[in-house]
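Participant: Data file target_0.tsv (TSV, C-alpha atoms) is appended below.
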```tsv
chain	number	residue	atom	x	y	z
A	214	MET	CA	48.13	33.20	-16.40
A	215	SER	CA	44.99	31.10	-16.21
A	216	THR	CA	42.54	30.42	-13.40
A	217	THR	CA	40.18	27.55	-12.78
A	218	THR	CA	36.69	27.88	-11.41
A	219	ALA	CA	35.48	25.48	-8.76
A	220	PRO	CA	32.33	23.61	-9.73
A	221	VAL	CA	29.07	25.08	-8.47
A	222	ARG	CA	27.63	23.27	-5.45
A	223	THR	CA	23.89	23.09	-4.92
A	224	PRO	CA	22.88	24.27	-1.43
A	225	ALA	CA	21.97	21.56	1.10
A	226	PRO	CA	18.30	22.68	1.46
A	227	HIS	CA	17.51	20.60	-1.66
A	228	ARG	CA	17.86	17.45	0.45
A	229	THR	CA	15.15	18.15	3.04
A	230	PRO	CA	12.34	18.53	0.46
A	231	ALA	CA	13.73	15.46	-1.31
A	232	LEU	CA	13.49	13.45	1.91
A	233	LEU	CA	9.91	14.61	2.48
A	234	ARG	CA	8.91	13.81	-1.11
A	235	ARG	CA	10.49	10.37	-0.87
A	236	ALA	CA	8.63	9.65	2.39
A	237	LEU	CA	5.35	10.87	0.90
A	238	TRP	CA	5.49	8.81	-2.29
A	239	TRP	CA	6.92	5.74	-0.58
A	240	SER	CA	4.03	5.82	1.90
A	241	LEU	CA	1.37	6.24	-0.78
A	242	LEU	CA	2.82	3.54	-3.03
A	243	THR	CA	3.12	1.21	-0.06
A	244	LEU	CA	-0.63	1.53	0.46
A	245	THR	CA	-1.34	0.81	-3.22
A	246	GLY	CA	0.75	-2.35	-3.42
A	247	GLY	CA	4.32	-1.48	-2.54
A	248	VAL	CA	7.48	-0.30	-4.27
A	249	GLU	CA	10.66	-2.32	-4.66
A	250	ARG	CA	14.07	-1.12	-5.84
A	251	ARG	CA	17.13	-2.98	-7.05
A	252	GLY	CA	20.42	-1.22	-7.62
A	253	ARG	CA	21.66	2.23	-6.60
A	254	LEU	CA	22.63	5.46	-8.30
A	255	PRO	CA	26.36	6.19	-8.50
A	256	ARG	CA	27.89	8.86	-6.31
A	257	GLY	CA	27.69	12.35	-7.73
A	258	GLY	CA	25.41	13.83	-10.32
A	259	CYS	CA	23.85	11.75	-13.09
A	260	VAL	CA	21.15	11.83	-15.74
A	261	VAL	CA	18.56	9.12	-15.11
A	262	VAL	CA	16.73	7.86	-18.21
A	263	ALA	CA	13.70	5.61	-17.75
A	264	ASN	CA	10.82	4.09	-19.66
A	265	HIS	CA	7.51	5.92	-19.39
A	266	SER	CA	4.06	4.32	-19.43
A	267	SER	CA	2.18	6.03	-16.58
A	268	HIS	CA	1.92	9.25	-14.58
A	269	ALA	CA	2.83	7.02	-11.62
A	270	ASP	CA	6.40	6.66	-13.00
A	271	THR	CA	7.37	9.96	-11.41
A	272	ALA	CA	6.02	8.94	-8.00
A	273	ALA	CA	7.78	5.58	-8.27
A	274	LEU	CA	11.16	7.17	-9.02
A	275	LEU	CA	10.81	9.78	-6.28
A	276	ALA	CA	10.00	6.97	-3.81
A	277	ALA	CA	12.86	4.74	-4.96
A	278	LEU	CA	15.78	7.09	-5.64
A	279	ASP	CA	17.83	8.16	-2.64
A	280	ALA	CA	17.26	11.68	-1.36
A	281	ARG	CA	20.97	12.62	-1.27
A	282	HIS	CA	20.75	13.02	-5.06
A	283	ALA	CA	17.70	15.33	-4.63
A	284	PRO	CA	16.14	14.04	-7.89
A	285	ALA	CA	14.68	16.67	-10.24
A	286	ILE	CA	12.09	15.46	-12.78
A	287	GLY	CA	11.79	16.87	-16.28
A	288	ALA	CA	8.09	17.49	-16.99
A	289	ALA	CA	6.24	18.59	-20.12
A	290	ALA	CA	5.84	22.37	-19.90
A	291	ASP	CA	2.66	22.43	-22.00
A	292	TYR	CA	0.90	20.02	-19.59
A	293	TRP	CA	2.35	20.21	-16.06
A	294	PHE	CA	3.09	23.93	-16.19
A	295	ALA	CA	0.01	25.01	-18.14
A	296	SER	CA	-1.60	26.66	-15.09
A	297	PRO	CA	-0.24	28.20	-11.86
A	298	TRP	CA	-1.78	25.58	-9.53
A	299	ARG	CA	-0.57	22.67	-11.64
A	300	SER	CA	2.88	24.21	-11.78
A	301	ARG	CA	2.99	24.54	-7.98
A	302	VAL	CA	1.90	20.93	-7.49
A	303	CYS	CA	4.50	19.69	-9.97
A	304	ARG	CA	7.35	21.68	-8.43
A	305	ARG	CA	6.56	20.93	-4.79
A	306	LEU	CA	5.39	17.33	-4.92
A	307	ALA	CA	7.44	16.07	-7.85
A	308	ALA	CA	10.49	18.38	-7.93
A	309	GLY	CA	9.51	19.06	-11.54
A	310	PHE	CA	11.11	21.54	-13.89
A	311	PRO	CA	9.55	22.52	-17.23
A	312	VAL	CA	10.78	21.14	-20.53
A	313	ARG	CA	9.19	22.51	-23.68
A	314	ARG	CA	8.26	19.82	-26.17
A	315	LYS	CA	8.17	22.24	-29.10
A	316	GLY	CA	10.95	24.79	-29.41
A	317	GLY	CA	13.39	25.53	-26.60
A	318	GLY	CA	13.31	22.13	-24.92
A	319	LEU	CA	17.04	21.57	-25.30
A	320	ASP	CA	17.79	24.91	-23.64
A	321	ASP	CA	15.52	23.90	-20.74
A	322	LEU	CA	17.48	20.70	-20.30
A	323	LEU	CA	20.92	22.29	-20.57
A	324	SER	CA	19.95	24.79	-17.86
A	325	MET	CA	20.22	21.89	-15.39
A	326	SER	CA	23.95	21.39	-16.05
A	327	ASP	CA	25.04	23.17	-12.87
A	328	GLU	CA	22.59	21.12	-10.79
A	329	LEU	CA	24.16	17.94	-12.17
A	330	ARG	CA	27.68	19.14	-11.43
A	331	ALA	CA	26.54	19.87	-7.88
A	332	GLY	CA	25.60	16.22	-7.40
A	333	ARG	CA	21.89	16.13	-8.18
A	334	ALA	CA	20.15	13.50	-10.32
A	335	VAL	CA	18.08	14.79	-13.21
A	336	VAL	CA	15.38	12.31	-14.23
A	337	LEU	CA	14.13	12.34	-17.80
A	338	PHE	CA	11.82	10.22	-19.91
A	339	PRO	CA	13.50	10.34	-23.33
A	340	GLU	CA	10.48	8.82	-25.10
A	341	GLY	CA	8.86	12.23	-24.62
A	342	THR	CA	5.43	10.83	-23.77
A	343	ARG	CA	3.76	7.86	-22.14
A	344	GLY	CA	3.95	4.69	-24.18
A	345	ALA	CA	1.63	1.70	-24.35
A	346	GLY	CA	3.28	0.14	-21.30
A	347	GLY	CA	3.54	-3.44	-22.47
A	348	ALA	CA	6.46	-5.69	-21.60
A	349	GLY	CA	9.50	-4.36	-23.46
A	350	ALA	CA	7.40	-1.65	-25.20
A	351	VAL	CA	9.92	1.18	-24.99
A	352	GLY	CA	9.84	3.79	-27.73
A	353	SER	CA	12.74	5.55	-29.41
A	354	PHE	CA	14.78	8.01	-27.34
A	355	HIS	CA	15.38	11.69	-28.08
A	356	ARG	CA	18.94	13.03	-27.73
A	357	GLY	CA	18.26	15.80	-25.20
A	358	ALA	CA	19.02	13.76	-22.07
A	359	LEU	CA	22.31	12.55	-23.53
A	360	LEU	CA	23.37	16.02	-24.64
A	361	LEU	CA	22.71	17.25	-21.09
A	362	ALA	CA	24.88	14.48	-19.63
A	363	GLU	CA	27.65	15.26	-22.08
A	364	ARG	CA	27.50	18.99	-21.34
A	365	ALA	CA	27.65	18.40	-17.55
A	366	GLY	CA	30.22	15.59	-17.81
A	367	VAL	CA	28.12	13.10	-15.81
A	368	PRO	CA	27.09	9.50	-16.55
A	369	VAL	CA	23.75	8.33	-17.89
A	370	VAL	CA	21.95	5.82	-15.64
A	371	PRO	CA	19.32	3.58	-17.27
A	372	VAL	CA	16.32	2.62	-15.13
A	373	GLY	CA	13.60	0.08	-15.86
A	374	ILE	CA	10.16	0.63	-14.30
A	375	ALA	CA	7.57	-2.16	-14.11
A	376	GLY	CA	4.11	-2.20	-12.58
A	377	THR	CA	3.10	1.46	-12.97
A	378	ASN	CA	1.09	0.63	-16.10
A	379	ARG	CA	-1.00	-1.68	-13.91
A	380	LEU	CA	-1.12	0.74	-10.97
A	381	LEU	CA	-2.28	3.71	-13.05
A	382	PRO	CA	-2.84	2.81	-16.72
A	383	LYS	CA	-2.85	5.48	-19.39
A	384	HIS	CA	-6.42	6.90	-19.38
A	385	GLY	CA	-7.29	4.33	-16.66
A	386	ARG	CA	-8.10	4.24	-12.95
A	387	LEU	CA	-5.84	3.75	-9.96
A	388	ARG	CA	-5.65	0.14	-8.77
A	389	SER	CA	-3.47	-1.97	-6.50
A	390	ALA	CA	-0.14	-3.12	-7.97
A	391	LEU	CA	3.44	-3.67	-6.89
A	392	VAL	CA	5.88	-1.25	-8.57
A	393	ARG	CA	9.42	-2.43	-9.21
A	394	ILE	CA	12.41	-0.26	-10.07
A	395	ARG	CA	15.67	-1.66	-11.43
A	396	ILE	CA	18.66	0.70	-11.66
A	397	GLY	CA	21.27	-0.33	-14.21
A	398	ASP	CA	25.00	0.30	-14.48
A	399	PRO	CA	26.05	3.85	-15.44
A	400	LEU	CA	26.70	4.52	-19.13
A	401	PRO	CA	29.21	7.07	-20.42
A	402	SER	CA	27.88	10.48	-21.39
A	403	THR	CA	28.87	9.69	-25.00
A	404	VAL	CA	26.31	6.87	-25.24
A	405	THR	CA	24.01	6.96	-28.29
A	406	PRO	CA	20.19	7.24	-28.02
A	407	GLN	CA	19.79	3.69	-29.32
A	408	GLU	CA	22.27	2.28	-26.79
A	409	ALA	CA	20.53	4.09	-23.95
A	410	ARG	CA	17.14	2.93	-25.20
A	411	ASP	CA	18.34	-0.69	-25.43
A	412	ALA	CA	19.70	-0.58	-21.87
A	413	VAL	CA	16.41	0.75	-20.48
A	414	ALA	CA	14.34	-1.71	-22.54
A	415	ALA	CA	16.43	-4.64	-21.26
A	416	LEU	CA	15.97	-3.56	-17.65
A	417	HIS	CA	12.24	-3.01	-18.19
A	418	HIS	CA	11.78	-6.40	-19.85
A	419	ARG	CA	13.81	-8.22	-17.19
A	420	THR	CA	11.85	-6.58	-14.37
A	421	ASN	CA	8.50	-7.33	-16.03
A	422	ALA	CA	9.49	-10.95	-16.59
A	423	GLU	CA	10.43	-11.58	-12.97
A	424	SER	CA	7.71	-13.51	-11.21
A	425	LEU	CA	6.84	-12.44	-7.68
A	426	ARG	CA	7.54	-15.32	-5.34
A	427	ASP	CA	4.34	-16.42	-3.66
A	428	SER	CA	2.95	-19.07	-1.35
A	429	ALA	CA	0.61	-21.78	-2.63
A	430	VAL	CA	-1.25	-21.56	0.69
A	431	ARG	CA	-1.84	-17.83	0.23
A	432	ARG	CA	-3.06	-18.35	-3.32
A	433	ARG	CA	-5.57	-20.97	-2.16
A	434	VAL	CA	-6.85	-18.80	0.69
A	435	ALA	CA	-7.14	-15.79	-1.64
A	436	ALA	CA	-8.99	-17.86	-4.23
A	437	VAL	CA	-11.56	-18.99	-1.66
A	438	ALA	CA	-11.90	-15.49	-0.15
A	439	ALA	CA	-12.57	-13.95	-3.55
A	440	SER	CA	-14.84	-16.76	-4.75
A	441	ARG	CA	-18.60	-17.11	-4.33
A	442	TRP	CA	-17.90	-19.00	-1.10
A	443	GLY	CA	-15.97	-16.21	0.59
A	444	LEU	CA	-18.91	-14.09	1.75
A	445	PRO	CA	-21.10	-17.01	2.96
A	446	ILE	CA	-18.17	-18.37	4.96
A	447	ALA	CA	-17.60	-14.95	6.59
A	448	PHE	CA	-21.31	-14.57	7.38
A	449	LEU	CA	-21.72	-18.06	8.84
A	450	TRP	CA	-18.48	-17.91	10.84
A	451	ALA	CA	-19.43	-14.59	12.44
A	452	GLY	CA	-23.01	-15.70	13.03
A	453	ALA	CA	-21.87	-18.95	14.63
A	454	GLU	CA	-19.47	-17.07	16.92
A	455	ALA	CA	-22.32	-14.86	18.14
A	456	LEU	CA	-24.24	-18.06	19.01
A	457	SER	CA	-21.69	-20.55	20.36
A	458	TRP	CA	-18.57	-20.94	18.16
A	459	PRO	CA	-15.47	-19.97	20.21
A	460	LEU	CA	-13.34	-18.44	17.40
A	461	MET	CA	-14.09	-14.78	16.74
A	462	PRO	CA	-14.62	-13.55	13.15
A	463	GLU	CA	-11.58	-11.27	13.41
A	464	LEU	CA	-9.45	-14.39	13.24
A	465	LEU	CA	-11.00	-15.27	9.89
A	466	LEU	CA	-10.45	-11.70	8.68
A	467	ALA	CA	-6.81	-11.85	9.76
A	468	VAL	CA	-6.37	-14.94	7.59
A	469	ALA	CA	-8.44	-13.87	4.56
A	470	CYS	CA	-7.80	-10.13	4.32
A	471	VAL	CA	-4.02	-10.51	4.35
A	472	ALA	CA	-4.28	-13.09	1.57
A	473	ALA	CA	-6.84	-11.13	-0.48
A	474	PRO	CA	-6.72	-7.40	0.46
A	475	ARG	CA	-9.12	-6.39	-2.32
A	476	ALA	CA	-11.88	-8.54	-0.79
A	477	ALA	CA	-11.37	-7.07	2.71
A	478	LEU	CA	-14.21	-4.53	2.73
A	479	LYS	CA	-16.82	-7.01	1.50
A	480	LEU	CA	-15.60	-9.72	3.87
A	481	SER	CA	-15.58	-7.35	6.84
A	482	ALA	CA	-19.04	-5.96	6.12
A	483	THR	CA	-20.42	-9.47	5.63
A	484	ALA	CA	-18.82	-10.69	8.86
A	485	LEU	CA	-20.41	-7.73	10.67
A	486	ALA	CA	-23.81	-8.61	9.22
A	487	GLY	CA	-23.40	-12.25	10.27
A	488	SER	CA	-22.32	-11.21	13.76
A	489	LEU	CA	-25.35	-8.95	14.23
A	490	ALA	CA	-27.74	-11.57	12.86
A	491	GLY	CA	-26.29	-14.24	15.15
A	492	SER	CA	-26.50	-11.93	18.18
A	493	LEU	CA	-30.17	-11.20	17.50
A	494	LEU	CA	-30.88	-14.93	17.39
A	495	THR	CA	-28.94	-15.45	20.62
A	496	LEU	CA	-30.84	-12.61	22.26
A	497	GLN	CA	-34.22	-14.09	21.24
A	498	LEU	CA	-33.27	-17.60	22.37
A	499	ALA	CA	-31.96	-16.36	25.73
A	500	SER	CA	-35.10	-14.30	26.35
A	501	SER	CA	-37.07	-17.54	25.76
A	502	GLY	CA	-34.98	-19.40	28.31
A	503	VAL	CA	-32.80	-21.32	25.86
A	504	GLN	CA	-29.14	-21.50	26.94
A	505	LEU	CA	-26.69	-22.33	24.17
A	506	PRO	CA	-23.25	-23.87	24.85
A	507	ALA	CA	-20.65	-21.14	25.37
A	508	PRO	CA	-17.18	-22.72	25.41
A	509	LEU	CA	-14.24	-20.68	26.72
A	510	THR	CA	-16.48	-18.36	28.74
A	511	THR	CA	-16.68	-18.05	32.54
A	512	ASP	CA	-19.18	-17.14	35.26
A	513	LEU	CA	-17.11	-14.06	36.05
A	514	MET	CA	-17.58	-12.84	32.48
A	515	ARG	CA	-21.34	-13.28	32.74
A	516	ALA	CA	-21.50	-11.52	36.10
A	517	GLU	CA	-19.50	-8.56	34.75
A	518	VAL	CA	-21.76	-8.24	31.71
A	519	ARG	CA	-24.93	-8.39	33.84
A	520	ALA	CA	-23.60	-5.56	36.01
A	521	GLN	CA	-22.77	-3.47	32.94
A	522	LEU	CA	-26.19	-4.05	31.37
A	523	VAL	CA	-27.94	-3.00	34.58
A	524	ALA	CA	-25.90	0.21	34.71
A	525	GLU	CA	-25.88	1.15	31.01
A	526	GLY	CA	-28.48	-0.89	29.19
A	527	ALA	CA	-27.72	-1.93	25.62
A	528	ALA	CA	-24.93	0.68	25.47
A	529	ALA	CA	-22.84	-1.59	27.71
A	530	VAL	CA	-21.85	-3.58	24.62
A	531	ARG	CA	-19.41	-0.77	23.83
A	532	HIS	CA	-17.03	-2.37	26.35
A	533	GLN	CA	-16.93	-5.68	24.45
A	534	PRO	CA	-14.25	-4.83	21.87
A	535	TRP	CA	-11.78	-4.00	24.65
A	536	ASN	CA	-12.38	-6.31	27.62
A	537	GLY	CA	-12.01	-9.71	25.96
A	538	ILE	CA	-15.47	-10.95	26.89
A	539	PRO	CA	-17.01	-12.77	23.88
A	540	PHE	CA	-19.82	-11.03	22.00
A	541	LYS	CA	-22.14	-13.98	22.56
A	542	VAL	CA	-22.00	-13.42	26.35
A	543	TYR	CA	-23.30	-9.88	25.89
A	544	ALA	CA	-26.03	-11.06	23.49
A	545	ALA	CA	-27.17	-13.87	25.81
A	546	GLU	CA	-27.22	-11.65	28.92
A	547	ALA	CA	-29.04	-8.91	27.00
A	548	GLY	CA	-31.71	-11.49	26.13
A	549	ARG	CA	-32.03	-12.63	29.74
A	550	ALA	CA	-32.37	-8.97	30.79
A	551	GLU	CA	-35.12	-8.64	28.14
A	552	LEU	CA	-33.54	-5.64	26.46
A	553	PRO	CA	-35.42	-4.42	23.34
A	554	ALA	CA	-34.01	-5.99	20.18
A	555	THR	CA	-33.90	-2.60	18.42
A	556	ASP	CA	-31.83	-0.99	21.19
A	557	TRP	CA	-29.50	-3.98	21.19
A	558	LEU	CA	-29.07	-3.96	17.41
A	559	LEU	CA	-28.24	-0.24	17.23
A	560	ALA	CA	-25.76	-0.36	20.10
A	561	SER	CA	-24.04	-3.54	18.96
A	562	ALA	CA	-23.85	-2.37	15.34
A	563	LYS	CA	-21.94	0.70	16.49
A	564	ALA	CA	-19.58	-1.11	18.83
A	565	ARG	CA	-19.10	-4.27	16.79
A	566	GLY	CA	-19.02	-2.46	13.46
A	567	ALA	CA	-16.15	-0.17	14.41
A	568	ARG	CA	-14.03	-3.10	15.55
A	569	THR	CA	-14.84	-5.52	12.73
A	570	LEU	CA	-14.33	-3.02	9.92
A	571	ALA	CA	-11.17	-1.57	11.48
A	572	VAL	CA	-9.67	-5.05	11.93
A	573	GLY	CA	-10.54	-6.16	8.39
A	574	LEU	CA	-9.19	-3.04	6.71
A	575	GLY	CA	-6.15	-3.03	8.99
A	576	PHE	CA	-5.21	-6.55	7.96
A	577	ALA	CA	-5.85	-5.63	4.32
A	578	ALA	CA	-3.35	-2.77	4.65
A	579	PHE	CA	-0.90	-5.19	6.23
A	580	GLY	CA	-1.43	-7.58	3.32
A	581	LEU	CA	-0.57	-4.80	0.87
A	582	LEU	CA	2.52	-3.86	2.87
A	583	MET	CA	3.66	-7.48	2.85
A	584	ARG	CA	2.91	-8.03	-0.83
A	585	ARG	CA	6.51	-8.58	-1.83
A	586	TRP	CA	6.90	-11.16	0.98
A	587	ARG	CA	3.85	-13.27	0.11
A	588	ARG	CA	6.00	-16.37	0.16
A	589	LEU	CA	6.15	-15.99	3.96
A	590	TYR	CA	2.36	-16.28	4.36
A	591	PRO	CA	2.49	-19.80	5.96
A	592	GLY	CA	4.86	-18.45	8.61
A	593	TYR	CA	2.46	-15.57	9.21
A	594	LEU	CA	-0.35	-18.09	9.79
A	595	VAL	CA	1.77	-19.94	12.35
A	596	LEU	CA	2.52	-16.69	14.22
A	597	LEU	CA	-1.13	-15.64	14.00
A	598	GLY	CA	-2.37	-18.96	15.37
A	599	THR	CA	0.20	-18.99	18.16
A	600	GLY	CA	-0.56	-15.42	19.15
A	601	PHE	CA	-4.31	-15.98	19.06
A	602	ALA	CA	-4.08	-19.13	21.19
A	603	ALA	CA	-1.86	-17.39	23.73
A	604	GLY	CA	-4.13	-14.34	23.87
A	605	LEU	CA	-7.27	-16.43	24.26
A	606	THR	CA	-5.69	-18.45	27.05
A	607	LEU	CA	-4.70	-15.29	28.93
A	608	ILE	CA	-8.19	-13.81	28.56
A	609	VAL	CA	-9.94	-16.94	29.85
A	610	LEU	CA	-7.52	-17.24	32.76
A	611	GLY	CA	-7.94	-13.56	33.56
A	612	TRP	CA	-11.73	-13.94	33.76
A	613	SER	CA	-11.67	-17.21	35.67
```
For this file, write the structure as structure tokens.
Facilitator:
Amino acid sequence: MSTTTAPVRTPAPHRTPALLRRALWWSLLTLTGGVERRGRLPRGGCVVVANHSSHADTAALLAALDARHAPAIGAAADYWFASPWRSRVCRRLAAGFPVRRKGGGLDDLLSMSDELRAGRAVVLFPEGTRGAGGAGAVGSFHRGALLLAERAGVPVVPVGIAGTNRLLPKHGRLRSALVRIRIGDPLPSTVTPQEARDAVAALHHRTNAESLRDSAVRRRVAAVAASRWGLPIAFLWAGAEALSWPLMPELLLAVACVAAPRAALKLSATALAGSLAGSLLTLQLASSGVQLPAPLTTDLMRAEVRAQLVAEGAAAVRHQPWNGIPFKVYAAEAGRAELPATDWLLASAKARGARTLAVGLGFAAFGLLMRRWRRLYPGYLVLLGTGFAAGLTLIVLGWS
């Protein structure tokens, strides 16, 4: 008489940490350029084999693979588990388990057989170490991952990773880059190391070769924003708006920082400097009795600003970012009230600086989030222009 044993089932609590890890790494990678996945893992347990060129590969896979598989990542025991704090970080943030690279590594892998039978995905980098990371540069595969799949009776799933070598190069610094993950069709557990390596290399090469669809308009705007003309344009635009120009510098930042997120901080700081310089000139001209044209402003705006300046002095400019009254109205009325230039500069730098820098960096973050949809940039400009025109109209009517 014989009996059969039901397969071991991993307890459900694995899924909650997996969800949290996926949310964490997806959020962080979104801020550094985005992560994109094509394909899905099969139902049930599987051994995922992927190319390896960066420490960011683990983060990319944890962000891309679905949490119901509760991915566990094989990590080098002599590096990631060399100290207690590094071991804790690897286990908690990367769901890592130690794999010895010299002696005993196969036993470490085979210990995950029950986890696979319970439906988890075990992620391994069969190259054993980070490679050079070039297009199609995938090294030879060790057999351990395939022996584990065969022991557990689960398929092998090839995965190609592209972009992590640009995001975090080997021995390099973190930079902005889009990471793309392509999940291939499952392979039988009897697959050979060369067959598995070829499948991963093909996915990696195909993903690297895919060009990211872009907009010619965005490329032109980004080229200008990052060129030697970008900063002078931001300075002059903001300075002109503080004098008479009706279009606020935040509109320029909304156009340029989405197109060229890396230039956002410099553009925002330069726009702030131009705005402050223009406001000082407006203040001096107004104190001398010179009245510059101020289109799209109203007498009610000027009366409100005069009342605020009487009550609060230069500190009244703190209301400007929120009430819709143009900055140039505050600068001109401050000049007519003969406020000290130093007091005005300090107060306006605080109020204007917070808004300008926050807007510029906010649109830069939006540009990174929308990186994979750059081809839609012209449509974004249409929506931006429409929204700005509608908002400006409502503000002028409200203060009329």
Participant: Using Å and a single decimal, report how far CA of Leu329 in chain A sits from CA of His268 in chain A.
Facilitator: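 Rounded to one decimal, the two atoms are 24.0 Å apart.
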Participant: List as a tab-separated table every residue of range 266-318 of chain A that is in contact with range 226-249 of chain A, defined as an atom at most 8 Å from one of its atoms (using all atoms listed in the file), together with the nearest atom pair and the distance in Å rounded to one decimal, sorted by chain and then rising number.
Facilitator:
```
residue	atom	partner	partner_atom	distance
A:Ala272	CA	A:Trp238	CA	5.7
A:Ala273	CA	A:Val248	CA	7.1
A:Leu275	CA	A:Arg235	CA	5.5
A:Ala276	CA	A:Arg235	CA	4.5
A:Ala277	CA	A:Arg235	CA	7.4
A:Leu278	CA	A:Arg235	CA	7.8
A:Asp279	CA	A:Arg235	CA	7.9
A:Ala280	CA	A:Ala231	CA	5.2
A:Arg281	CA	A:Arg228	CA	6.0
A:His282	CA	A:Arg228	CA	7.6
A:Ala283	CA	A:Ala231	CA	5.2
A:Pro284	CA	A:Ala231	CA	7.1
A:Leu306	CA	A:Arg234	CA	6.3
A:Ala307	CA	A:Arg234	CA	7.3
A:Ala308	CA	A:Ala231	CA	7.9
```
Participant: Report, in Å to a single decimal, how far apart CA of Glu363 in chain A and CA of Ile394 in chain A are.
Facilitator: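 About the pair CA of Ile394 in chain A and CA of Glu363 in chain A: they are 24.8 Å apart.
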Participant: Fewer than 3 positions away in the same chain doesn't count, so skip those; otherwise give me all residues within 10 Å of Trp586 in chain A, counting all atoms listed in the file, as a short mmCIF file (atom, residue, chain, number, x, y, z; two decimals) with C-alpha atoms, in the coordinates of the input.
Facilitator:
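Everything below was put into result_5.cif:
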```cif
data_model
loop_
_atom_site.label_atom_id
_atom_site.label_comp_id
_atom_site.auth_asym_id
_atom_site.auth_seq_id
_atom_site.Cartn_x
_atom_site.Cartn_y
_atom_site.Cartn_z
CA LEU A 425 6.84 -12.44 -7.68
CA ARG A 426 7.54 -15.32 -5.34
CA ASP A 427 4.34 -16.42 -3.66
CA SER A 428 2.95 -19.07 -1.35
CA GLY A 580 -1.43 -7.58 3.32
CA LEU A 581 -0.57 -4.80 0.87
CA LEU A 582 2.52 -3.86 2.87
CA MET A 583 3.66 -7.48 2.85
CA LEU A 589 6.15 -15.99 3.96
CA TYR A 590 2.36 -16.28 4.36
#
```
Participant: Could I get the residues of range 473-541 of chain A with an atom no further than 12 Å from an atom of range 450-465 of chain A, each paired with its nearest atom pair and that distance in Å to one decimal, using only C-alpha atoms, sorted by chain and residue number, as a tab-separated table?
Facilitator:
```
residue	atom	partner	partner_atom	distance
A:Ala473	CA	A:Leu465	CA	11.9
A:Ala477	CA	A:Leu465	CA	10.9
A:Leu480	CA	A:Leu465	CA	9.4
A:Ser481	CA	A:Glu463	CA	8.6
A:Ala482	CA	A:Ala451	CA	10.7
A:Thr483	CA	A:Ala451	CA	8.6
A:Ala484	CA	A:Ala451	CA	5.3
A:Leu485	CA	A:Ala451	CA	7.2
A:Ala486	CA	A:Ala451	CA	8.1
A:Gly487	CA	A:Gly452	CA	4.4
A:Ser488	CA	A:Gly452	CA	4.6
A:Leu489	CA	A:Gly452	CA	7.2
A:Ala490	CA	A:Gly452	CA	6.3
A:Gly491	CA	A:Gly452	CA	4.2
A:Ser492	CA	A:Ala455	CA	5.1
A:Leu493	CA	A:Ala455	CA	8.7
A:Leu494	CA	A:Leu456	CA	7.5
A:Thr495	CA	A:Leu456	CA	5.6
A:Leu496	CA	A:Leu456	CA	9.2
A:Gln497	CA	A:Leu456	CA	11.0
A:Leu498	CA	A:Leu456	CA	9.6
A:Ala499	CA	A:Leu456	CA	10.4
A:Val503	CA	A:Leu456	CA	11.4
A:Gln504	CA	A:Leu456	CA	9.9
A:Leu505	CA	A:Ser457	CA	6.5
A:Pro506	CA	A:Ser457	CA	5.8
A:Ala507	CA	A:Ser457	CA	5.2
A:Pro508	CA	A:Pro459	CA	6.1
A:Leu509	CA	A:Pro459	CA	6.7
A:Thr510	CA	A:Pro459	CA	8.7
A:Pro534	CA	A:Glu463	CA	11.0
A:Gly537	CA	A:Met461	CA	10.7
A:Ile538	CA	A:Met461	CA	10.9
A:Pro539	CA	A:Met461	CA	8.0
A:Phe540	CA	A:Ala455	CA	6.0
A:Lys541	CA	A:Ala455	CA	4.5
```
Participant: Is there a way to get, as a PyMOL selection string, all residues within 6 Å of the point (23.7, 3.2, -15.7) in file coordinates, counting all atoms listed in the file?
Facilitator: chain A and resi 369-371+397-400
Participant: Could you dump the residues just selected with C-alpha atoms as a PDB file, in the frame of the given file?
Facilitator:
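Below is the file result.pdb, written as the result:
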```pdb
ATOM      1  CA  VAL A 369      23.750   8.330 -17.890  1.00  0.00           C
ATOM      2  CA  VAL A 370      21.950   5.820 -15.640  1.00  0.00           C
ATOM      3  CA  PRO A 371      19.320   3.580 -17.270  1.00  0.00           C
ATOM      4  CA  GLY A 397      21.270  -0.330 -14.210  1.00  0.00           C
ATOM      5  CA  ASP A 398      25.000   0.300 -14.480  1.00  0.00           C
ATOM      6  CA  PRO A 399      26.050   3.850 -15.440  1.00  0.00           C
ATOM      7  CA  LEU A 400      26.700   4.520 -19.130  1.00  0.00           C
TER       8      LEU A 400
END
```
Participant: Using only C-alpha atoms, find the one residue out of A:Val312, A:Val261, A:Leu559, A:Ala285 that sits nearest to Ala409 in chain A.
Facilitator: A:Val261
